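Trainee: For reference, the file work15.txt (compact mmCIF, N, CA and C atoms) is included below:
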# COMPACT_ATOMS: atom_id res chain seq x y z
N MET N 5 71.61 -59.79 45.58
CA MET N 5 71.11 -61.03 45.02
C MET N 5 70.55 -61.92 46.12
N LYS N 6 71.28 -61.95 47.26
CA LYS N 6 70.82 -62.77 48.37
C LYS N 6 69.45 -62.30 48.87
N LYS N 7 69.25 -60.98 48.85
CA LYS N 7 67.97 -60.43 49.30
C LYS N 7 66.83 -60.89 48.40
N HIS N 8 67.07 -60.93 47.08
CA HIS N 8 66.05 -61.36 46.13
C HIS N 8 65.70 -62.82 46.33
N ILE N 9 66.71 -63.64 46.54
CA ILE N 9 66.47 -65.06 46.75
C ILE N 9 65.72 -65.26 48.06
N LEU N 10 66.14 -64.55 49.09
CA LEU N 10 65.48 -64.65 50.38
C LEU N 10 64.02 -64.19 50.29
N ALA N 11 63.76 -63.13 49.55
CA ALA N 11 62.40 -62.63 49.38
C ALA N 11 61.56 -63.65 48.62
N ALA N 12 62.12 -64.26 47.56
CA ALA N 12 61.39 -65.26 46.78
C ALA N 12 61.06 -66.47 47.63
N VAL N 13 62.00 -66.91 48.44
CA VAL N 13 61.76 -68.05 49.33
C VAL N 13 60.67 -67.71 50.34
N THR N 14 60.72 -66.50 50.88
CA THR N 14 59.72 -66.06 51.86
C THR N 14 58.32 -66.03 51.25
N VAL N 15 58.20 -65.47 50.06
CA VAL N 15 56.90 -65.40 49.38
C VAL N 15 56.38 -66.78 49.05
N SER N 16 57.25 -67.65 48.53
CA SER N 16 56.79 -69.00 48.19
C SER N 16 56.43 -69.78 49.44
N THR N 17 57.16 -69.58 50.54
CA THR N 17 56.82 -70.24 51.81
C THR N 17 55.47 -69.74 52.32
N LEU N 18 55.25 -68.44 52.21
CA LEU N 18 53.98 -67.86 52.62
C LEU N 18 52.85 -68.41 51.78
N PHE N 19 53.08 -68.52 50.47
CA PHE N 19 52.05 -69.03 49.57
C PHE N 19 51.72 -70.48 49.90
N VAL N 20 52.74 -71.28 50.13
CA VAL N 20 52.54 -72.69 50.46
C VAL N 20 51.87 -72.80 51.83
N ALA N 21 52.25 -71.94 52.76
CA ALA N 21 51.66 -71.99 54.10
C ALA N 21 50.19 -71.61 54.07
N CYS N 22 49.80 -70.75 53.12
CA CYS N 22 48.41 -70.32 53.03
C CYS N 22 47.55 -71.29 52.24
N THR N 23 48.17 -72.30 51.64
CA THR N 23 47.41 -73.25 50.83
C THR N 23 46.75 -74.27 51.74
N GLN N 24 45.47 -74.48 51.51
CA GLN N 24 44.73 -75.48 52.26
C GLN N 24 44.38 -76.61 51.31
N SER N 25 44.40 -77.80 51.81
CA SER N 25 44.02 -78.92 50.95
C SER N 25 43.14 -79.86 51.74
N SER N 26 42.30 -80.54 50.99
CA SER N 26 41.45 -81.56 51.61
C SER N 26 41.46 -82.78 50.71
N THR N 27 41.47 -83.93 51.32
CA THR N 27 41.53 -85.19 50.57
C THR N 27 40.22 -85.93 50.76
N LYS N 28 39.70 -86.42 49.65
CA LYS N 28 38.43 -87.13 49.68
C LYS N 28 38.67 -88.51 49.04
N THR N 29 38.34 -89.55 49.79
CA THR N 29 38.53 -90.91 49.28
C THR N 29 37.16 -91.54 49.06
N GLU N 30 36.99 -92.10 47.86
CA GLU N 30 35.71 -92.71 47.51
C GLU N 30 35.96 -94.15 47.05
N LYS N 31 35.22 -95.09 47.62
CA LYS N 31 35.36 -96.50 47.24
C LYS N 31 34.10 -96.91 46.50
N VAL N 32 34.30 -97.53 45.33
CA VAL N 32 33.18 -97.96 44.51
C VAL N 32 33.35 -99.45 44.22
N GLU N 33 32.30 -100.21 44.44
CA GLU N 33 32.35 -101.65 44.15
C GLU N 33 31.87 -101.87 42.72
N ASN N 34 32.69 -102.54 41.93
CA ASN N 34 32.36 -102.79 40.53
C ASN N 34 31.41 -103.99 40.43
N ALA N 35 30.87 -104.21 39.23
CA ALA N 35 29.94 -105.32 39.00
C ALA N 35 30.63 -106.67 39.16
N ASP N 36 31.91 -106.74 38.88
CA ASP N 36 32.62 -108.03 38.99
C ASP N 36 33.08 -108.31 40.42
N GLY N 37 32.75 -107.40 41.37
CA GLY N 37 33.09 -107.62 42.76
C GLY N 37 34.35 -106.93 43.20
N SER N 38 35.11 -106.37 42.27
CA SER N 38 36.34 -105.68 42.65
C SER N 38 35.98 -104.28 43.19
N VAL N 39 36.87 -103.71 43.98
CA VAL N 39 36.65 -102.40 44.59
C VAL N 39 37.64 -101.42 43.98
N THR N 40 37.11 -100.28 43.54
CA THR N 40 37.96 -99.23 42.99
C THR N 40 37.98 -98.08 44.00
N THR N 41 39.14 -97.65 44.34
CA THR N 41 39.29 -96.54 45.29
C THR N 41 39.77 -95.32 44.52
N THR N 42 39.06 -94.20 44.72
CA THR N 42 39.44 -92.94 44.07
C THR N 42 39.75 -91.94 45.15
N THR N 43 40.91 -91.34 45.07
CA THR N 43 41.31 -90.30 46.03
C THR N 43 41.40 -88.98 45.29
N THR N 44 40.70 -87.98 45.83
CA THR N 44 40.70 -86.65 45.22
C THR N 44 41.25 -85.67 46.23
N THR N 45 42.20 -84.87 45.80
CA THR N 45 42.78 -83.84 46.67
C THR N 45 42.41 -82.49 46.09
N GLU N 46 41.78 -81.67 46.93
CA GLU N 46 41.41 -80.32 46.51
C GLU N 46 42.29 -79.34 47.27
N THR N 47 42.84 -78.40 46.54
CA THR N 47 43.67 -77.39 47.19
C THR N 47 43.00 -76.03 47.06
N ASN N 48 43.14 -75.28 48.10
CA ASN N 48 42.59 -73.92 48.11
C ASN N 48 43.73 -73.02 48.56
N SER N 49 44.04 -72.05 47.76
CA SER N 49 45.20 -71.20 48.06
C SER N 49 44.92 -70.23 49.20
N GLY N 50 43.68 -70.13 49.62
CA GLY N 50 43.35 -69.19 50.68
C GLY N 50 43.23 -67.76 50.17
N LEU N 51 43.39 -67.59 48.86
CA LEU N 51 43.24 -66.26 48.29
C LEU N 51 41.76 -65.90 48.23
N VAL N 52 41.48 -64.66 48.25
CA VAL N 52 40.11 -64.18 48.28
C VAL N 52 39.52 -64.24 46.88
N ASP N 53 38.29 -64.73 46.81
CA ASP N 53 37.58 -64.78 45.53
C ASP N 53 36.97 -63.40 45.28
N THR N 54 37.52 -62.68 44.30
CA THR N 54 37.07 -61.30 44.05
C THR N 54 35.64 -61.25 43.54
N SER N 55 35.19 -62.29 42.86
CA SER N 55 33.81 -62.26 42.37
C SER N 55 32.82 -62.27 43.54
N LYS N 56 33.17 -63.00 44.61
CA LYS N 56 32.29 -63.01 45.79
C LYS N 56 32.31 -61.65 46.48
N ILE N 57 33.48 -61.03 46.49
CA ILE N 57 33.57 -59.70 47.10
C ILE N 57 32.74 -58.70 46.30
N GLU N 58 32.84 -58.76 44.98
CA GLU N 58 32.06 -57.85 44.12
C GLU N 58 30.57 -58.07 44.30
N LYS N 59 30.18 -59.35 44.38
CA LYS N 59 28.75 -59.66 44.58
C LYS N 59 28.27 -59.11 45.92
N ALA N 60 29.06 -59.31 46.97
CA ALA N 60 28.70 -58.79 48.29
C ALA N 60 28.63 -57.27 48.27
N LYS N 61 29.60 -56.64 47.57
CA LYS N 61 29.62 -55.18 47.46
C LYS N 61 28.36 -54.68 46.75
N ASN N 62 28.00 -55.36 45.65
CA ASN N 62 26.80 -54.97 44.91
C ASN N 62 25.55 -55.18 45.74
N ASP N 63 25.49 -56.29 46.50
CA ASP N 63 24.34 -56.53 47.36
C ASP N 63 24.20 -55.44 48.41
N ILE N 64 25.32 -55.06 49.01
CA ILE N 64 25.30 -54.00 50.02
C ILE N 64 24.87 -52.68 49.40
N LYS N 65 25.43 -52.38 48.21
CA LYS N 65 25.07 -51.13 47.53
C LYS N 65 23.58 -51.09 47.22
N ASN N 66 23.03 -52.21 46.72
CA ASN N 66 21.60 -52.27 46.42
C ASN N 66 20.76 -52.09 47.67
N THR N 67 21.19 -52.73 48.76
CA THR N 67 20.45 -52.59 50.02
C THR N 67 20.48 -51.15 50.51
N VAL N 68 21.65 -50.52 50.43
CA VAL N 68 21.77 -49.13 50.86
C VAL N 68 20.92 -48.22 49.97
N ASP N 69 20.94 -48.47 48.66
CA ASP N 69 20.12 -47.66 47.74
C ASP N 69 18.64 -47.81 48.06
N ASN N 70 18.20 -49.06 48.28
CA ASN N 70 16.79 -49.29 48.60
C ASN N 70 16.41 -48.61 49.91
N THR N 71 17.29 -48.70 50.90
CA THR N 71 17.02 -48.04 52.17
C THR N 71 16.96 -46.53 52.00
N GLY N 72 17.86 -45.99 51.21
CA GLY N 72 17.85 -44.55 50.93
C GLY N 72 16.56 -44.12 50.25
N ASN N 73 16.09 -44.92 49.29
CA ASN N 73 14.83 -44.61 48.61
C ASN N 73 13.66 -44.65 49.58
N LYS N 74 13.66 -45.63 50.49
CA LYS N 74 12.58 -45.71 51.47
C LYS N 74 12.60 -44.50 52.38
N ILE N 75 13.80 -44.07 52.80
CA ILE N 75 13.91 -42.89 53.65
C ILE N 75 13.41 -41.65 52.91
N ASP N 76 13.81 -41.52 51.63
CA ASP N 76 13.35 -40.37 50.83
C ASP N 76 11.83 -40.36 50.70
N ASN N 77 11.24 -41.52 50.42
CA ASN N 77 9.78 -41.61 50.28
C ASN N 77 9.09 -41.26 51.59
N THR N 78 9.62 -41.75 52.69
CA THR N 78 9.02 -41.46 53.99
C THR N 78 9.13 -39.97 54.31
N ALA N 79 10.28 -39.38 54.01
CA ALA N 79 10.47 -37.94 54.25
C ALA N 79 9.51 -37.12 53.39
N GLN N 80 9.32 -37.52 52.14
CA GLN N 80 8.41 -36.80 51.25
C GLN N 80 6.97 -36.89 51.78
N LYS N 81 6.57 -38.08 52.23
CA LYS N 81 5.22 -38.26 52.78
C LYS N 81 5.04 -37.42 54.04
N ALA N 82 6.07 -37.41 54.89
CA ALA N 82 6.00 -36.60 56.11
C ALA N 82 5.88 -35.12 55.76
N LYS N 83 6.63 -34.68 54.75
CA LYS N 83 6.56 -33.28 54.32
C LYS N 83 5.15 -32.94 53.84
N GLU N 84 4.57 -33.83 53.04
CA GLU N 84 3.20 -33.59 52.54
C GLU N 84 2.20 -33.55 53.69
N ASP N 85 2.36 -34.46 54.66
CA ASP N 85 1.45 -34.49 55.81
C ASP N 85 1.59 -33.21 56.64
N ILE N 86 2.83 -32.75 56.83
CA ILE N 86 3.06 -31.53 57.60
C ILE N 86 2.47 -30.32 56.88
N ASN N 87 2.65 -30.27 55.55
CA ASN N 87 2.06 -29.16 54.78
C ASN N 87 0.54 -29.16 54.89
N LYS N 88 -0.06 -30.35 54.82
CA LYS N 88 -1.53 -30.45 54.93
C LYS N 88 -1.98 -30.00 56.31
N ALA N 89 -1.26 -30.44 57.34
CA ALA N 89 -1.61 -30.03 58.71
C ALA N 89 -1.47 -28.51 58.86
N GLY N 90 -0.42 -27.94 58.27
CA GLY N 90 -0.24 -26.49 58.32
C GLY N 90 -1.39 -25.75 57.65
N LYS N 91 -1.83 -26.26 56.51
CA LYS N 91 -2.98 -25.63 55.81
C LYS N 91 -4.24 -25.74 56.66
N ASP N 92 -4.45 -26.91 57.26
CA ASP N 92 -5.64 -27.09 58.12
C ASP N 92 -5.60 -26.13 59.30
N ILE N 93 -4.42 -25.97 59.91
CA ILE N 93 -4.29 -25.05 61.05
C ILE N 93 -4.57 -23.62 60.60
N LYS N 94 -4.03 -23.23 59.44
CA LYS N 94 -4.25 -21.87 58.94
C LYS N 94 -5.72 -21.62 58.68
N GLU N 95 -6.40 -22.61 58.04
CA GLU N 95 -7.82 -22.45 57.77
C GLU N 95 -8.61 -22.33 59.08
N GLY N 96 -8.23 -23.15 60.06
CA GLY N 96 -8.91 -23.09 61.36
C GLY N 96 -8.68 -21.75 62.04
N ALA N 97 -7.43 -21.26 61.97
CA ALA N 97 -7.11 -19.97 62.59
C ALA N 97 -7.87 -18.84 61.88
N ASP N 98 -7.96 -18.90 60.55
CA ASP N 98 -8.71 -17.88 59.80
C ASP N 98 -10.18 -17.89 60.22
N LYS N 99 -10.75 -19.08 60.38
CA LYS N 99 -12.17 -19.19 60.77
C LYS N 99 -12.37 -18.63 62.17
N VAL N 100 -11.44 -18.99 63.09
CA VAL N 100 -11.54 -18.47 64.46
C VAL N 100 -11.42 -16.95 64.44
N GLY N 101 -10.49 -16.44 63.63
CA GLY N 101 -10.32 -14.99 63.53
C GLY N 101 -11.58 -14.31 63.03
N LYS N 102 -12.22 -14.90 62.04
CA LYS N 102 -13.48 -14.33 61.52
C LYS N 102 -14.57 -14.40 62.58
N ASP N 103 -14.63 -15.52 63.31
CA ASP N 103 -15.63 -15.66 64.37
C ASP N 103 -15.41 -14.62 65.46
N ILE N 104 -14.14 -14.39 65.82
CA ILE N 104 -13.84 -13.39 66.85
C ILE N 104 -14.23 -12.01 66.36
N LYS N 105 -13.91 -11.70 65.12
CA LYS N 105 -14.24 -10.38 64.56
C LYS N 105 -15.76 -10.19 64.54
N SER N 106 -16.47 -11.23 64.12
CA SER N 106 -17.92 -11.16 64.07
C SER N 106 -18.49 -10.99 65.48
N GLY N 107 -17.93 -11.75 66.43
CA GLY N 107 -18.39 -11.64 67.82
C GLY N 107 -18.10 -10.26 68.38
N ALA N 108 -16.94 -9.72 68.06
CA ALA N 108 -16.58 -8.38 68.54
C ALA N 108 -17.52 -7.33 67.95
N GLN N 109 -17.88 -7.50 66.69
CA GLN N 109 -18.81 -6.55 66.07
C GLN N 109 -20.18 -6.63 66.74
N GLU N 110 -20.62 -7.84 67.06
CA GLU N 110 -21.91 -7.99 67.76
C GLU N 110 -21.86 -7.35 69.14
N VAL N 111 -20.76 -7.61 69.86
CA VAL N 111 -20.61 -7.01 71.19
C VAL N 111 -20.61 -5.49 71.06
N GLY N 112 -19.91 -4.98 70.06
CA GLY N 112 -19.86 -3.54 69.84
C GLY N 112 -21.25 -2.98 69.59
N LYS N 113 -22.02 -3.67 68.77
CA LYS N 113 -23.40 -3.22 68.49
C LYS N 113 -24.24 -3.25 69.76
N ASP N 114 -24.07 -4.35 70.54
CA ASP N 114 -24.84 -4.46 71.79
C ASP N 114 -24.46 -3.33 72.75
N VAL N 115 -23.16 -3.05 72.86
CA VAL N 115 -22.72 -1.96 73.74
C VAL N 115 -23.28 -0.63 73.26
N LYS N 116 -23.23 -0.42 71.97
CA LYS N 116 -23.74 0.83 71.39
C LYS N 116 -25.24 0.96 71.67
N ASN N 117 -25.98 -0.14 71.43
CA ASN N 117 -27.43 -0.11 71.68
C ASN N 117 -27.73 0.12 73.16
N THR N 118 -26.96 -0.57 74.02
CA THR N 118 -27.16 -0.40 75.46
C THR N 118 -26.84 1.02 75.89
N ALA N 119 -25.75 1.56 75.35
CA ALA N 119 -25.38 2.94 75.67
C ALA N 119 -26.45 3.91 75.17
N ALA N 120 -26.97 3.67 74.00
CA ALA N 120 -28.01 4.54 73.45
C ALA N 120 -29.27 4.46 74.30
N THR N 121 -29.61 3.24 74.70
CA THR N 121 -30.80 3.06 75.54
C THR N 121 -30.59 3.75 76.88
N GLY N 122 -29.39 3.53 77.46
CA GLY N 122 -29.08 4.19 78.74
C GLY N 122 -29.10 5.70 78.61
N ALA N 123 -28.55 6.21 77.54
CA ALA N 123 -28.55 7.67 77.32
C ALA N 123 -29.98 8.18 77.16
N GLN N 124 -30.80 7.43 76.48
CA GLN N 124 -32.20 7.84 76.30
C GLN N 124 -32.91 7.88 77.64
N LYS N 125 -32.64 6.88 78.50
CA LYS N 125 -33.28 6.84 79.82
C LYS N 125 -32.81 8.03 80.66
N VAL N 126 -31.51 8.33 80.57
CA VAL N 126 -30.99 9.48 81.32
C VAL N 126 -31.63 10.76 80.81
N GLU N 127 -31.77 10.86 79.50
CA GLU N 127 -32.39 12.04 78.90
C GLU N 127 -33.84 12.17 79.35
N ASP N 128 -34.56 11.06 79.33
CA ASP N 128 -35.96 11.06 79.77
C ASP N 128 -36.06 11.43 81.24
N ALA N 129 -35.15 10.87 82.04
CA ALA N 129 -35.17 11.18 83.47
C ALA N 129 -34.85 12.64 83.70
N ALA N 130 -33.95 13.20 82.91
CA ALA N 130 -33.60 14.62 83.04
C ALA N 130 -34.79 15.50 82.68
N LYS N 131 -35.50 15.13 81.61
CA LYS N 131 -36.70 15.89 81.21
C LYS N 131 -37.74 15.84 82.32
N LYS N 132 -37.93 14.66 82.87
CA LYS N 132 -38.94 14.49 83.92
C LYS N 132 -38.54 15.30 85.15
N LEU N 133 -37.26 15.29 85.49
CA LEU N 133 -36.78 16.05 86.63
C LEU N 133 -36.98 17.54 86.38
N LYS N 134 -36.71 17.97 85.18
CA LYS N 134 -36.89 19.38 84.81
C LYS N 134 -38.33 19.77 84.95
N GLU N 135 -39.24 18.92 84.50
CA GLU N 135 -40.68 19.20 84.60
C GLU N 135 -41.11 19.22 86.06
N ASP N 136 -40.57 18.28 86.84
CA ASP N 136 -40.91 18.24 88.25
C ASP N 136 -40.40 19.48 88.98
N LEU N 137 -39.27 19.98 88.57
CA LEU N 137 -38.72 21.17 89.19
C LEU N 137 -39.52 22.41 88.82
N LYS N 138 -40.10 22.44 87.64
CA LYS N 138 -40.92 23.58 87.22
C LYS N 138 -42.21 23.64 88.04
N LYS N 139 -42.67 22.56 88.50
CA LYS N 139 -43.94 22.53 89.23
C LYS N 139 -43.79 23.06 90.57
Could you write out this file's structure as structure tokens?
Mentor:
Amino acid sequence: MKKHILAAVTVSTLFVACTQSSTKTEKVENADGSVTTTTTTETNSGLVDTSKIEKAKNDIKNTVDNTGNKIDNTAQKAKEDINKAGKDIKEGADKVGKDIKSGAQEVGKDVKNTAATGAQKVEDAAKKLKEDLKK
């Protein structure tokens, strides 16, 4: 029983110790010249206002949600830009590949024509040498 009484006294002392009060005195002069003094005492228990906490929590949640949406939108835009750049690179590489193939085919034709011309000259020179040897 003593423990319960001691606990109750401790809690009530803590509650009273956490209570804040402020006194406001206001003096008003009446029309007849008399002065009326009004004293107002406001007490604040120091307890937390849960509605303010909920509002702050909701504000933080909304801010985090908005930030998350902005990050998602930015990531999506970056993904689209990267995909576009990848397509542009692929198209450029395909064009370069076609140009190289075309150039290689031209070089091949030139080599073939040069070899044919050289072979013809060798053949002509061989015929001429053969004729010169017959003489």
Trainee: Please provide as a ChimeraX atom specification all residues within 6 Å of range 27-35 of chain N, with the sequence filter that same-chain residues fewer than 6 positions apart are discarded (counting all atoms listed in the file).
Mentor: /N:41-46
Trainee: What does the distance between CA of Asp92 in chain N and CA of Ile104 in chain N come to in Å, to one decimal place?
Mentor: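 Atom-to-atom, CA of Asp92 in chain N to CA of Ile104 in chain N, that is 18.2 Å.
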Trainee: Based on the backbone DSSP call, show me all residues of range 36-137 of chain N assigned strand (DSSP E or B), as a list in words.
Mentor: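 Selection result, strand (DSSP E or B) within range 36-137 of chain N: Val39, Thr40, Thr41, Thr42, Thr43, Thr44, Thr45, Glu46, Thr47 and Asn48 of chain N.
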